[in-house]
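Listing of run-v5.pdb; format and content: PDB, C-alpha atoms and all ligand atoms.
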ATOM      1  CA  MET W 250     110.952 111.144 122.490  1.00  0.00           C
ATOM      2  CA  TYR W 251     109.543 108.037 124.191  1.00  0.00           C
ATOM      3  CA  ASP W 252     110.763 108.461 127.734  1.00  0.00           C
ATOM      4  CA  PRO W 253     111.183 105.594 130.182  1.00  0.00           C
ATOM      5  CA  VAL W 254     108.034 104.792 132.147  1.00  0.00           C
ATOM      6  CA  GLU W 255     109.289 106.555 135.287  1.00  0.00           C
ATOM      7  CA  ARG W 256     110.088 109.881 133.611  1.00  0.00           C
ATOM      8  CA  ARG W 257     107.775 110.962 130.812  1.00  0.00           C
ATOM      9  CA  ASN W 258     107.573 114.530 129.644  1.00  0.00           C
ATOM     10  CA  PHE W 259     104.364 115.671 128.040  1.00  0.00           C
ATOM     11  CA  TYR W 260     104.910 118.760 125.904  1.00  0.00           C
ATOM     12  CA  GLY W 261     101.323 119.455 124.799  1.00  0.00           C
ATOM     13  CA  ARG W 262      98.554 121.455 126.483  1.00  0.00           C
ATOM     14  CA  VAL W 263      96.458 119.872 129.219  1.00  0.00           C
ATOM     15  CA  HIS W 264      94.269 122.910 130.008  1.00  0.00           C
ATOM     16  CA  GLY W 265      92.929 125.613 127.709  1.00  0.00           C
ATOM     17  CA  LYS W 266      90.024 128.048 127.874  1.00  0.00           C
ATOM     18  CA  THR W 267      87.754 128.052 130.916  1.00  0.00           C
ATOM     19  CA  LEU W 268      85.229 125.261 130.694  1.00  0.00           C
ATOM     20  CA  ARG W 269      81.548 126.058 130.245  1.00  0.00           C
ATOM     21  CA  ALA W 270      79.213 125.042 133.089  1.00  0.00           C
ATOM     22  CA  SER W 271      77.757 122.247 130.921  1.00  0.00           C
ATOM     23  CA  GLN W 272      81.248 120.917 130.206  1.00  0.00           C
ATOM     24  CA  LYS W 273      82.064 120.835 133.920  1.00  0.00           C
ATOM     25  CA  THR W 274      78.885 118.822 134.430  1.00  0.00           C
ATOM     26  CA  TYR W 275      79.903 116.328 131.733  1.00  0.00           C
ATOM     27  CA  LEU W 276      83.306 115.894 133.386  1.00  0.00           C
ATOM     28  CA  GLU W 277      81.761 115.439 136.840  1.00  0.00           C
ATOM     29  CA  GLU W 278      78.994 113.096 135.760  1.00  0.00           C
ATOM     30  CA  ASP W 279      80.429 111.072 132.864  1.00  0.00           C
ATOM     31  CA  LEU W 280      84.225 111.004 132.919  1.00  0.00           C
ATOM     32  CA  GLU W 281      84.780 108.351 135.555  1.00  0.00           C
ATOM     33  CA  ARG W 282      82.244 105.956 134.080  1.00  0.00           C
ATOM     34  CA  LEU W 283      83.745 106.292 130.599  1.00  0.00           C
ATOM     35  CA  SER W 284      87.399 106.088 131.687  1.00  0.00           C
ATOM     36  CA  LEU W 285      89.252 102.793 131.479  1.00  0.00           C
ATOM     37  CA  PRO W 286      90.397 101.774 134.981  1.00  0.00           C
ATOM     38  CA  GLY W 287      93.960 100.614 135.568  1.00  0.00           C
ATOM     39  CA  VAL W 288      95.741 102.894 133.111  1.00  0.00           C
ATOM     40  CA  THR W 289      97.456 105.422 135.353  1.00  0.00           C
ATOM     41  CA  ARG W 290     100.466 104.480 137.441  1.00  0.00           C
ATOM     42  CA  GLU W 291      98.603 105.398 140.650  1.00  0.00           C
ATOM     43  CA  ASP W 292      95.771 103.053 139.699  1.00  0.00           C
ATOM     44  CA  ASN W 293      97.993 100.221 138.438  1.00  0.00           C
ATOM     45  CA  PRO W 294     101.574 100.522 139.721  1.00  0.00           C
ATOM     46  CA  ASP W 295     102.462  97.009 138.509  1.00  0.00           C
ATOM     47  CA  ARG W 296     101.364  97.948 134.983  1.00  0.00           C
ATOM     48  CA  SER W 297      99.322  94.753 134.622  1.00  0.00           C
ATOM     49  CA  PRO W 298      97.304  94.384 131.406  1.00  0.00           C
ATOM     50  CA  ILE W 299      93.899  96.037 131.774  1.00  0.00           C
ATOM     51  CA  ASP W 300      90.563  94.288 131.643  1.00  0.00           C
ATOM     52  CA  LEU W 301      88.677  95.025 128.421  1.00  0.00           C
ATOM     53  CA  THR W 302      85.634  92.844 129.075  1.00  0.00           C
ATOM     54  CA  ARG W 303      83.384  95.963 129.177  1.00  0.00           C
ATOM     55  CA  PHE W 304      83.517  95.772 125.364  1.00  0.00           C
ATOM     56  CA  ALA W 305      81.964  92.268 125.424  1.00  0.00           C
ATOM     57  CA  GLY W 306      84.389  90.811 122.879  1.00  0.00           C
ATOM     58  CA  LYS W 307      83.840  93.466 120.198  1.00  0.00           C
ATOM     59  CA  PRO W 308      86.837  94.260 117.970  1.00  0.00           C
ATOM     60  CA  LEU W 309      88.626  97.311 119.417  1.00  0.00           C
ATOM     61  CA  TRP W 310      89.788 100.431 117.602  1.00  0.00           C
ATOM     62  CA  LEU W 311      91.996 103.133 119.112  1.00  0.00           C
ATOM     63  CA  GLU W 312      92.159 106.873 118.365  1.00  0.00           C
ATOM     64  CA  ILE W 313      95.315 108.618 119.593  1.00  0.00           C
ATOM     65  CA  GLY W 314      94.869 112.323 120.463  1.00  0.00           C
ATOM     66  CA  PHE W 315      91.175 112.680 119.593  1.00  0.00           C
ATOM     67  CA  GLY W 316      91.149 116.490 120.056  1.00  0.00           C
ATOM     68  CA  GLY W 317      87.486 117.554 120.227  1.00  0.00           C
ATOM     69  CA  GLY W 318      86.302 113.983 119.613  1.00  0.00           C
ATOM     70  CA  GLU W 319      84.328 114.491 116.392  1.00  0.00           C
ATOM     71  CA  HIS W 320      86.049 111.657 114.489  1.00  0.00           C
ATOM     72  CA  LEU W 321      85.912 109.316 117.482  1.00  0.00           C
ATOM     73  CA  VAL W 322      82.160 109.790 118.056  1.00  0.00           C
ATOM     74  CA  HIS W 323      81.520 109.537 114.319  1.00  0.00           C
ATOM     75  CA  MET W 324      83.310 106.168 114.241  1.00  0.00           C
ATOM     76  CA  ALA W 325      81.445 104.938 117.334  1.00  0.00           C
ATOM     77  CA  ALA W 326      78.090 105.897 115.780  1.00  0.00           C
ATOM     78  CA  THR W 327      78.977 104.450 112.363  1.00  0.00           C
ATOM     79  CA  TYR W 328      80.262 101.145 113.756  1.00  0.00           C
ATOM     80  CA  PRO W 329      78.132 100.074 116.748  1.00  0.00           C
ATOM     81  CA  GLU W 330      79.603  96.564 116.423  1.00  0.00           C
ATOM     82  CA  ILE W 331      83.071  97.958 117.289  1.00  0.00           C
ATOM     83  CA  GLY W 332      84.454  99.096 120.657  1.00  0.00           C
ATOM     84  CA  LEU W 333      86.241 102.448 120.438  1.00  0.00           C
ATOM     85  CA  ILE W 334      88.979 103.653 122.791  1.00  0.00           C
ATOM     86  CA  GLY W 335      90.001 107.294 122.619  1.00  0.00           C
ATOM     87  CA  CYS W 336      92.983 108.890 124.269  1.00  0.00           C
ATOM     88  CA  GLU W 337      93.538 112.621 124.880  1.00  0.00           C
ATOM     89  CA  PRO W 338      95.121 114.593 127.749  1.00  0.00           C
ATOM     90  CA  PHE W 339      93.638 118.031 126.852  1.00  0.00           C
ATOM     91  CA  VAL W 340      90.786 118.610 129.316  1.00  0.00           C
ATOM     92  CA  ASN W 341      88.835 120.978 127.044  1.00  0.00           C
ATOM     93  CA  GLY W 342      88.916 118.327 124.294  1.00  0.00           C
ATOM     94  CA  ILE W 343      87.766 115.633 126.720  1.00  0.00           C
ATOM     95  CA  ALA W 344      84.852 117.840 127.816  1.00  0.00           C
ATOM     96  CA  MET W 345      83.911 118.438 124.176  1.00  0.00           C
ATOM     97  CA  LEU W 346      83.987 114.698 123.523  1.00  0.00           C
ATOM     98  CA  LEU W 347      81.732 114.016 126.508  1.00  0.00           C
ATOM     99  CA  GLY W 348      79.159 116.489 125.170  1.00  0.00           C
ATOM    100  CA  LYS W 349      79.249 114.781 121.775  1.00  0.00           C
ATOM    101  CA  ILE W 350      78.847 111.348 123.369  1.00  0.00           C
ATOM    102  CA  ARG W 351      75.709 112.561 125.144  1.00  0.00           C
ATOM    103  CA  ALA W 352      74.302 114.064 121.948  1.00  0.00           C
ATOM    104  CA  ALA W 353      75.038 110.980 119.824  1.00  0.00           C
ATOM    105  CA  GLU W 354      73.969 108.514 122.545  1.00  0.00           C
ATOM    106  CA  VAL W 355      76.778 106.103 121.680  1.00  0.00           C
ATOM    107  CA  ASN W 356      77.687 103.504 124.272  1.00  0.00           C
ATOM    108  CA  ASN W 357      80.519 101.598 122.567  1.00  0.00           C
ATOM    109  CA  LEU W 358      83.237 104.041 123.571  1.00  0.00           C
ATOM    110  CA  ALA W 359      85.718 104.354 126.450  1.00  0.00           C
ATOM    111  CA  ILE W 360      88.494 106.841 127.020  1.00  0.00           C
ATOM    112  CA  HIS W 361      91.825 107.367 128.656  1.00  0.00           C
ATOM    113  CA  PRO W 362      91.951 111.054 129.639  1.00  0.00           C
ATOM    114  CA  GLY W 363      95.739 111.225 129.510  1.00  0.00           C
ATOM    115  CA  ASP W 364      98.913 110.308 127.690  1.00  0.00           C
ATOM    116  CA  VAL W 365      98.688 107.460 125.174  1.00  0.00           C
ATOM    117  CA  ARG W 366     101.996 106.088 126.458  1.00  0.00           C
ATOM    118  CA  ASP W 367     100.333 105.168 129.750  1.00  0.00           C
ATOM    119  CA  LEU W 368      97.656 103.331 127.791  1.00  0.00           C
ATOM    120  CA  PHE W 369     100.232 101.497 125.653  1.00  0.00           C
ATOM    121  CA  ASP W 370     101.884 100.169 128.847  1.00  0.00           C
ATOM    122  CA  VAL W 371      98.756  98.331 129.939  1.00  0.00           C
ATOM    123  CA  LEU W 372      96.827  97.431 126.780  1.00  0.00           C
ATOM    124  CA  PRO W 373      97.098  93.680 126.240  1.00  0.00           C
ATOM    125  CA  ALA W 374      99.365  92.729 123.307  1.00  0.00           C
ATOM    126  CA  ALA W 375      97.541  92.413 119.975  1.00  0.00           C
ATOM    127  CA  SER W 376      94.278  93.739 121.426  1.00  0.00           C
ATOM    128  CA  ILE W 377      93.605  96.533 118.898  1.00  0.00           C
ATOM    129  CA  ALA W 378      92.273  95.925 115.386  1.00  0.00           C
ATOM    130  CA  LYS W 379      92.611  99.480 113.984  1.00  0.00           C
ATOM    131  CA  ALA W 380      94.323 102.692 115.078  1.00  0.00           C
ATOM    132  CA  PHE W 381      93.819 106.325 114.040  1.00  0.00           C
ATOM    133  CA  LEU W 382      96.354 109.119 114.343  1.00  0.00           C
ATOM    134  CA  ASN W 383      94.609 112.259 113.079  1.00  0.00           C
ATOM    135  CA  TYR W 384      96.726 115.375 112.840  1.00  0.00           C
ATOM    136  CA  PRO W 385      99.344 114.533 115.449  1.00  0.00           C
ATOM    137  CA  ASP W 386     101.187 117.536 116.874  1.00  0.00           C
ATOM    138  CA  PRO W 387     103.484 118.642 114.026  1.00  0.00           C
ATOM    139  CA  TRP W 388     106.503 119.802 116.047  1.00  0.00           C
ATOM    140  CA  PRO W 389     107.807 121.778 113.062  1.00  0.00           C
ATOM    141  CA  LYS W 390     111.269 122.628 114.413  1.00  0.00           C
ATOM    142  CA  ALA W 391     113.913 120.042 113.496  1.00  0.00           C
ATOM    143  CA  ARG W 392     115.201 119.812 117.070  1.00  0.00           C
ATOM    144  CA  HIS W 393     111.673 118.785 118.171  1.00  0.00           C
ATOM    145  CA  HIS W 394     111.111 116.071 115.542  1.00  0.00           C
ATOM    146  CA  ARG W 395     111.988 113.413 118.086  1.00  0.00           C
ATOM    147  CA  ARG W 396     108.867 114.421 120.035  1.00  0.00           C
ATOM    148  CA  ARG W 397     106.688 113.390 117.110  1.00  0.00           C
ATOM    149  CA  PHE W 398     104.487 110.330 117.453  1.00  0.00           C
ATOM    150  CA  VAL W 399     106.061 108.754 114.365  1.00  0.00           C
ATOM    151  CA  THR W 400     109.298 107.854 116.150  1.00  0.00           C
ATOM    152  CA  GLN W 401     110.407 104.354 117.057  1.00  0.00           C
ATOM    153  CA  GLY W 402     109.500 104.426 120.772  1.00  0.00           C
ATOM    154  CA  TYR W 403     105.862 105.347 120.203  1.00  0.00           C
ATOM    155  CA  LEU W 404     105.575 103.171 117.106  1.00  0.00           C
ATOM    156  CA  ALA W 405     107.012 100.062 118.785  1.00  0.00           C
ATOM    157  CA  ALA W 406     104.546 100.496 121.645  1.00  0.00           C
ATOM    158  CA  LEU W 407     101.682 100.931 119.174  1.00  0.00           C
ATOM    159  CA  ALA W 408     102.825  97.911 117.127  1.00  0.00           C
ATOM    160  CA  ARG W 409     102.797  95.705 120.230  1.00  0.00           C
ATOM    161  CA  THR W 410      99.172  96.529 120.937  1.00  0.00           C
ATOM    162  CA  LEU W 411      97.989  95.987 117.347  1.00  0.00           C
ATOM    163  CA  GLN W 412      96.830  92.685 115.950  1.00  0.00           C
ATOM    164  CA  PRO W 413      98.725  91.295 112.943  1.00  0.00           C
ATOM    165  CA  GLY W 414      97.064  92.783 109.857  1.00  0.00           C
ATOM    166  CA  ALA W 415      95.587  95.720 111.828  1.00  0.00           C
ATOM    167  CA  GLU W 416      95.170  99.002 109.932  1.00  0.00           C
ATOM    168  CA  PHE W 417      96.971 102.142 111.073  1.00  0.00           C
ATOM    169  CA  ARG W 418      95.701 105.420 109.579  1.00  0.00           C
ATOM    170  CA  VAL W 419      97.592 108.703 109.709  1.00  0.00           C
ATOM    171  CA  ALA W 420      96.245 112.098 108.561  1.00  0.00           C
ATOM    172  CA  THR W 421      98.499 115.148 108.483  1.00  0.00           C
ATOM    173  CA  ASP W 422      98.840 118.531 106.789  1.00  0.00           C
ATOM    174  CA  ILE W 423     102.608 118.791 107.232  1.00  0.00           C
ATOM    175  CA  PRO W 424     104.746 117.589 104.289  1.00  0.00           C
ATOM    176  CA  ASP W 425     107.723 116.887 106.546  1.00  0.00           C
ATOM    177  CA  TYR W 426     105.468 114.798 108.787  1.00  0.00           C
ATOM    178  CA  VAL W 427     104.548 112.730 105.707  1.00  0.00           C
ATOM    179  CA  ARG W 428     108.244 112.243 104.987  1.00  0.00           C
ATOM    180  CA  GLN W 429     108.994 111.104 108.538  1.00  0.00           C
ATOM    181  CA  THR W 430     105.906 108.853 108.642  1.00  0.00           C
ATOM    182  CA  LEU W 431     106.939 107.119 105.409  1.00  0.00           C
ATOM    183  CA  GLU W 432     110.448 106.615 106.796  1.00  0.00           C
ATOM    184  CA  GLU W 433     109.661 105.538 110.351  1.00  0.00           C
ATOM    185  CA  VAL W 434     106.399 103.575 110.320  1.00  0.00           C
ATOM    186  CA  PRO W 435     107.641 100.729 108.048  1.00  0.00           C
ATOM    187  CA  GLN W 436     110.694 100.308 110.329  1.00  0.00           C
ATOM    188  CA  ALA W 437     108.309  99.542 113.206  1.00  0.00           C
ATOM    189  CA  GLY W 438     106.726  96.548 111.442  1.00  0.00           C
ATOM    190  CA  PHE W 439     104.137  98.091 109.128  1.00  0.00           C
ATOM    191  CA  THR W 440     103.557  97.992 105.352  1.00  0.00           C
ATOM    192  CA  LEU W 441     102.302 101.058 103.481  1.00  0.00           C
ATOM    193  CA  ARG W 442      98.985 100.217 101.791  1.00  0.00           C
ATOM    194  CA  ASP W 443      97.822 103.599 100.492  1.00  0.00           C
ATOM    195  CA  GLN W 444      98.671 107.308 100.485  1.00  0.00           C
ATOM    196  CA  GLY W 445      97.293 110.427  98.842  1.00  0.00           C
ATOM    197  CA  ASP W 446      95.053 113.455  99.118  1.00  0.00           C
ATOM    198  CA  GLN W 447      91.743 111.548  99.206  1.00  0.00           C
ATOM    199  CA  PRO W 448      90.368 110.608 102.630  1.00  0.00           C
ATOM    200  CA  TRP W 449      88.996 107.232 103.633  1.00  0.00           C
ATOM    201  CA  SER W 450      85.338 106.624 102.660  1.00  0.00           C
ATOM    202  CA  ASP W 451      84.263 106.747 106.331  1.00  0.00           C
ATOM    203  CA  TRP W 452      86.370 109.799 107.209  1.00  0.00           C
ATOM    204  CA  LEU W 453      84.935 112.704 109.168  1.00  0.00           C
ATOM    205  CA  SER W 454      86.921 115.911 108.897  1.00  0.00           C
ATOM    206  CA  THR W 455      88.276 117.084 112.241  1.00  0.00           C
ATOM    207  CA  ARG W 456      88.530 120.566 113.740  1.00  0.00           C
ATOM    208  CA  TYR W 457      92.257 120.589 113.146  1.00  0.00           C
ATOM    209  CA  GLU W 458      91.785 119.573 109.499  1.00  0.00           C
ATOM    210  CA  GLN W 459      89.245 122.385 108.997  1.00  0.00           C
ATOM    211  CA  LYS W 460      91.766 124.865 110.403  1.00  0.00           C
ATOM    212  CA  ALA W 461      94.517 123.488 108.151  1.00  0.00           C
ATOM    213  CA  LEU W 462      92.260 123.828 105.102  1.00  0.00           C
ATOM    214  CA  ARG W 463      91.345 127.429 106.029  1.00  0.00           C
ATOM    215  CA  GLU W 464      95.035 128.216 106.359  1.00  0.00           C
ATOM    216  CA  GLY W 465      95.871 126.650 102.981  1.00  0.00           C
ATOM    217  CA  ARG W 466      97.569 123.427 104.123  1.00  0.00           C
ATOM    218  CA  PRO W 467      96.099 120.485 102.194  1.00  0.00           C
ATOM    219  CA  PRO W 468      95.506 117.191 104.020  1.00  0.00           C
ATOM    220  CA  TYR W 469      97.400 114.008 103.285  1.00  0.00           C
ATOM    221  CA  TYR W 470      96.240 110.520 104.261  1.00  0.00           C
ATOM    222  CA  LEU W 471      98.370 107.406 104.796  1.00  0.00           C
ATOM    223  CA  THR W 472      97.228 103.844 105.457  1.00  0.00           C
ATOM    224  CA  PHE W 473      99.550 101.204 106.899  1.00  0.00           C
ATOM    225  CA  GLN W 474      99.019  97.595 107.854  1.00  0.00           C
ATOM    226  CA  ARG W 475     100.695  95.898 110.822  1.00  0.00           C
ATOM    227  CA  ASN W 476     102.811  93.070 109.485  1.00  0.00           C
ATOM    228  CA  ALA W 477     101.733  89.534 110.372  1.00  0.00           C
TER     229      ALA W 477
HETATM  230  C1  LIG J 501      96.966 118.864 116.470  1.00  0.00           C
HETATM  231  S1  LIG J 501      95.881 118.137 117.646  1.00  0.00           S
HETATM  232  C2  LIG J 501      94.731 117.208 116.623  1.00  0.00           C
HETATM  233  C3  LIG J 501      93.486 116.822 117.356  1.00  0.00           C
HETATM  234  C4  LIG J 501      92.465 115.997 116.561  1.00  0.00           C
HETATM  235  N1  LIG J 501      92.983 114.672 116.254  1.00  0.00           N
HETATM  236  C5  LIG J 501      92.033 116.697 115.305  1.00  0.00           C
HETATM  237  O1  LIG J 501      92.374 116.212 114.213  1.00  0.00           O
HETATM  238  O2  LIG J 501      91.356 117.730 115.413  1.00  0.00           O
HETATM  239  C6  LIG J 501      96.891 116.847 118.357  1.00  0.00           C
HETATM  240  C7  LIG J 501      96.281 116.246 119.603  1.00  0.00           C
HETATM  241  O3  LIG J 501      97.107 115.174 120.086  1.00  0.00           O
HETATM  242  C8  LIG J 501      97.083 115.206 121.489  1.00  0.00           C
HETATM  243  N2  LIG J 501      98.279 114.512 121.996  1.00  0.00           N
HETATM  244  C9  LIG J 501      99.563 114.946 121.954  1.00  0.00           C
HETATM  245  N3  LIG J 501     100.390 114.098 122.573  1.00  0.00           N
HETATM  246  C10 LIG J 501      99.599 113.076 123.016  1.00  0.00           C
HETATM  247  C11 LIG J 501      99.870 111.902 123.776  1.00  0.00           C
HETATM  248  N4  LIG J 501     101.106 111.606 124.184  1.00  0.00           N
HETATM  249  N5  LIG J 501      98.835 111.088 124.071  1.00  0.00           N
HETATM  250  C12 LIG J 501      97.576 111.394 123.667  1.00  0.00           C
HETATM  251  N6  LIG J 501      97.261 112.489 122.954  1.00  0.00           N
HETATM  252  C13 LIG J 501      98.261 113.321 122.651  1.00  0.00           C
HETATM  253  C14 LIG J 501      97.066 116.689 121.832  1.00  0.00           C
HETATM  254  O4  LIG J 501      96.607 116.950 123.141  1.00  0.00           O
HETATM  255  C15 LIG J 501      96.153 117.246 120.742  1.00  0.00           C
HETATM  256  O5  LIG J 501      94.798 117.302 121.157  1.00  0.00           O
END
Output the structure of this file as structure tokens.
Ligand SMILES: C[S@@+](CC[C@H](N)C(=O)[O-])C[C@H]1O[C@@H](n2cnc3c(N)ncnc32)[C@H](O)[C@@H]1O
Amino acid sequence: MYDPVERRNFYGRVHGKTLRASQKTYLEEDLERLSLPGVTREDNPDRSPIDLTRFAGKPLWLEIGFGGGEHLVHMAATYPEIGLIGCEPFVNGIAMLLGKIRAAEVNNLAIHPGDVRDLFDVLPAASIAKAFLNYPDPWPKARHHRRRFVTQGYLAALARTLQPGAEFRVATDIPDYVRQTLEEVPQAGFTLRDQGDQPWSDWLSTRYEQKALREGRPPYYLTFQRNA
């Protein structure tokens, strides 16, 4: 559920396995420089729109819940003319991303190491040209479906930040998540453009997708467009 700004519950994991020494170094040396200032409530209590001039006018794409960061870094390396923003609260995932950024030497990427709802509060309206939601937490139990990203609170906040005509991609391995996505996303001001079992031509399979495939859950890909 999309809680009011003052009282947001985050149900996912923020910490996992102990970090390797190299990962601690990445966090100490790189995280602050790569983090967008003005996103947290401590940093920006008035919730003023953040300054995105670090991207020098490049079109901006957003990945929500980047996990280990493989898709995000792949997109940044494939599209140097784009600015990428990634959002993820799980510290181990953030550390993995930072290692991949070093290895790929990409410099068109910034992150918010926290909840995407805090980022939605302060992203200027219509600032994002494409958004990716790869394997959002499935929340399989019916009483938890309202925690899913594809509910009206999250989707309205996403829609506000997207430019008219912006693409919104969703990948999932959960048939009931497909059902809810097809029901909810159009209600938030999007038109379905494509769906099926074939990924986008520039797709890079994520860790979660590899696990789903090993466990016999086939991927499904949906493409929406923000209405004008
Ligand atoms: C099932 S994992 C998939 C990770 C990655 N996209 C992949 O495909 O491997 C879902 C991710 O969404 C993140 N997530 C959940 N709620 C979030 C939120 N409110 N804001 C940002 N990320 C969130 C979780 O921390 C988790 O890493």
Hey, which residues sit close to ligand LIG 501 (chain J)? Say within 9 Å, counting all atoms listed in the file, and write them as number ranges by chain. W: 258-263, 312-321, 335-340, 342, 361-368, 381-387, 396-398, 403, 420-421, 454-460
Go ahead and find all residues with at least one atom no further than 6 Å from (95.6, 101.1, 131.4) in the file's coordinates, using all atoms listed in the file; report them as a ChimeraX atom specification. /W:287-288,299,368,371
Can you measure atom CA of W:Asn357 to atom CA of W:Arg282 for me? One decimal in Å is fine. 12.4 Å
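Put simply, the PyMOL selection byres (((chain W and resi 405-408) around 8) and not hetatm) in this file takes in W:Arg366, W:Phe369, W:Asp370, W:Gln401, W:Gly402, W:Tyr403, W:Leu404, W:Arg409, W:Thr410, W:Leu411, W:Ala437, W:Gly438, W:Arg475.
Interatomic distance, atom CA of W:Gly348 to atom CA of W:Asn293: 28.2 Å.
Closest to W:Pro448 among W:Arg463, W:Asn476, W:Pro294, W:Val419 is W:Val419, based on all atoms listed in the file.
The two atoms in question, atom CA of W:Met345 and atom CA of W:Tyr275, are spaced 8.8 Å apart.
Residue nearest W:Glu277, chosen from W:Ala353, W:Arg466, W:Ala305, W:Ile343 and counting all atoms listed in the file: W:Ile343.
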Find the residues near W:Leu268: any atom within 9 Å, counting all atoms listed in the file, skip ones fewer than 2 places away on the same chain, and give them as a PyMOL selection string. chain W and resi 265-266+270-273+340-341+344
Could you save those same residues with C-alpha atoms as a tab-separated table (two decimals), in the coordinates of the input?
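Written out: again-v8.tsv:
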chain	number	residue	atom	x	y	z
W	265	GLY	CA	92.93	125.61	127.71
W	266	LYS	CA	90.02	128.05	127.87
W	270	ALA	CA	79.21	125.04	133.09
W	271	SER	CA	77.76	122.25	130.92
W	272	GLN	CA	81.25	120.92	130.21
W	273	LYS	CA	82.06	120.84	133.92
W	340	VAL	CA	90.79	118.61	129.32
W	341	ASN	CA	88.84	120.98	127.04
W	344	ALA	CA	84.85	117.84	127.82
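Using all atoms listed in the file, the nearest neighbour of W:Asn356 within the list W:Leu311, W:Ala378, W:Ile334, W:Ala325 is W:Ala325.
With all atoms listed in the file as the atoms that count, the residue of W:Leu453, W:Leu333, W:Leu431, W:Ile423 with the shortest distance to W:Trp388 is W:Ile423.
Across W:Val399, W:Leu276, W:Leu346, W:Leu372, the tightest approach to W:Asp425 is made by W:Val399 when counting only C-alpha atoms.
With distances restricted to only C-alpha atoms, W:Lys349 is the closest residue to W:Asp279 from W:Ala380, W:Tyr469, W:Lys349, W:Arg418.
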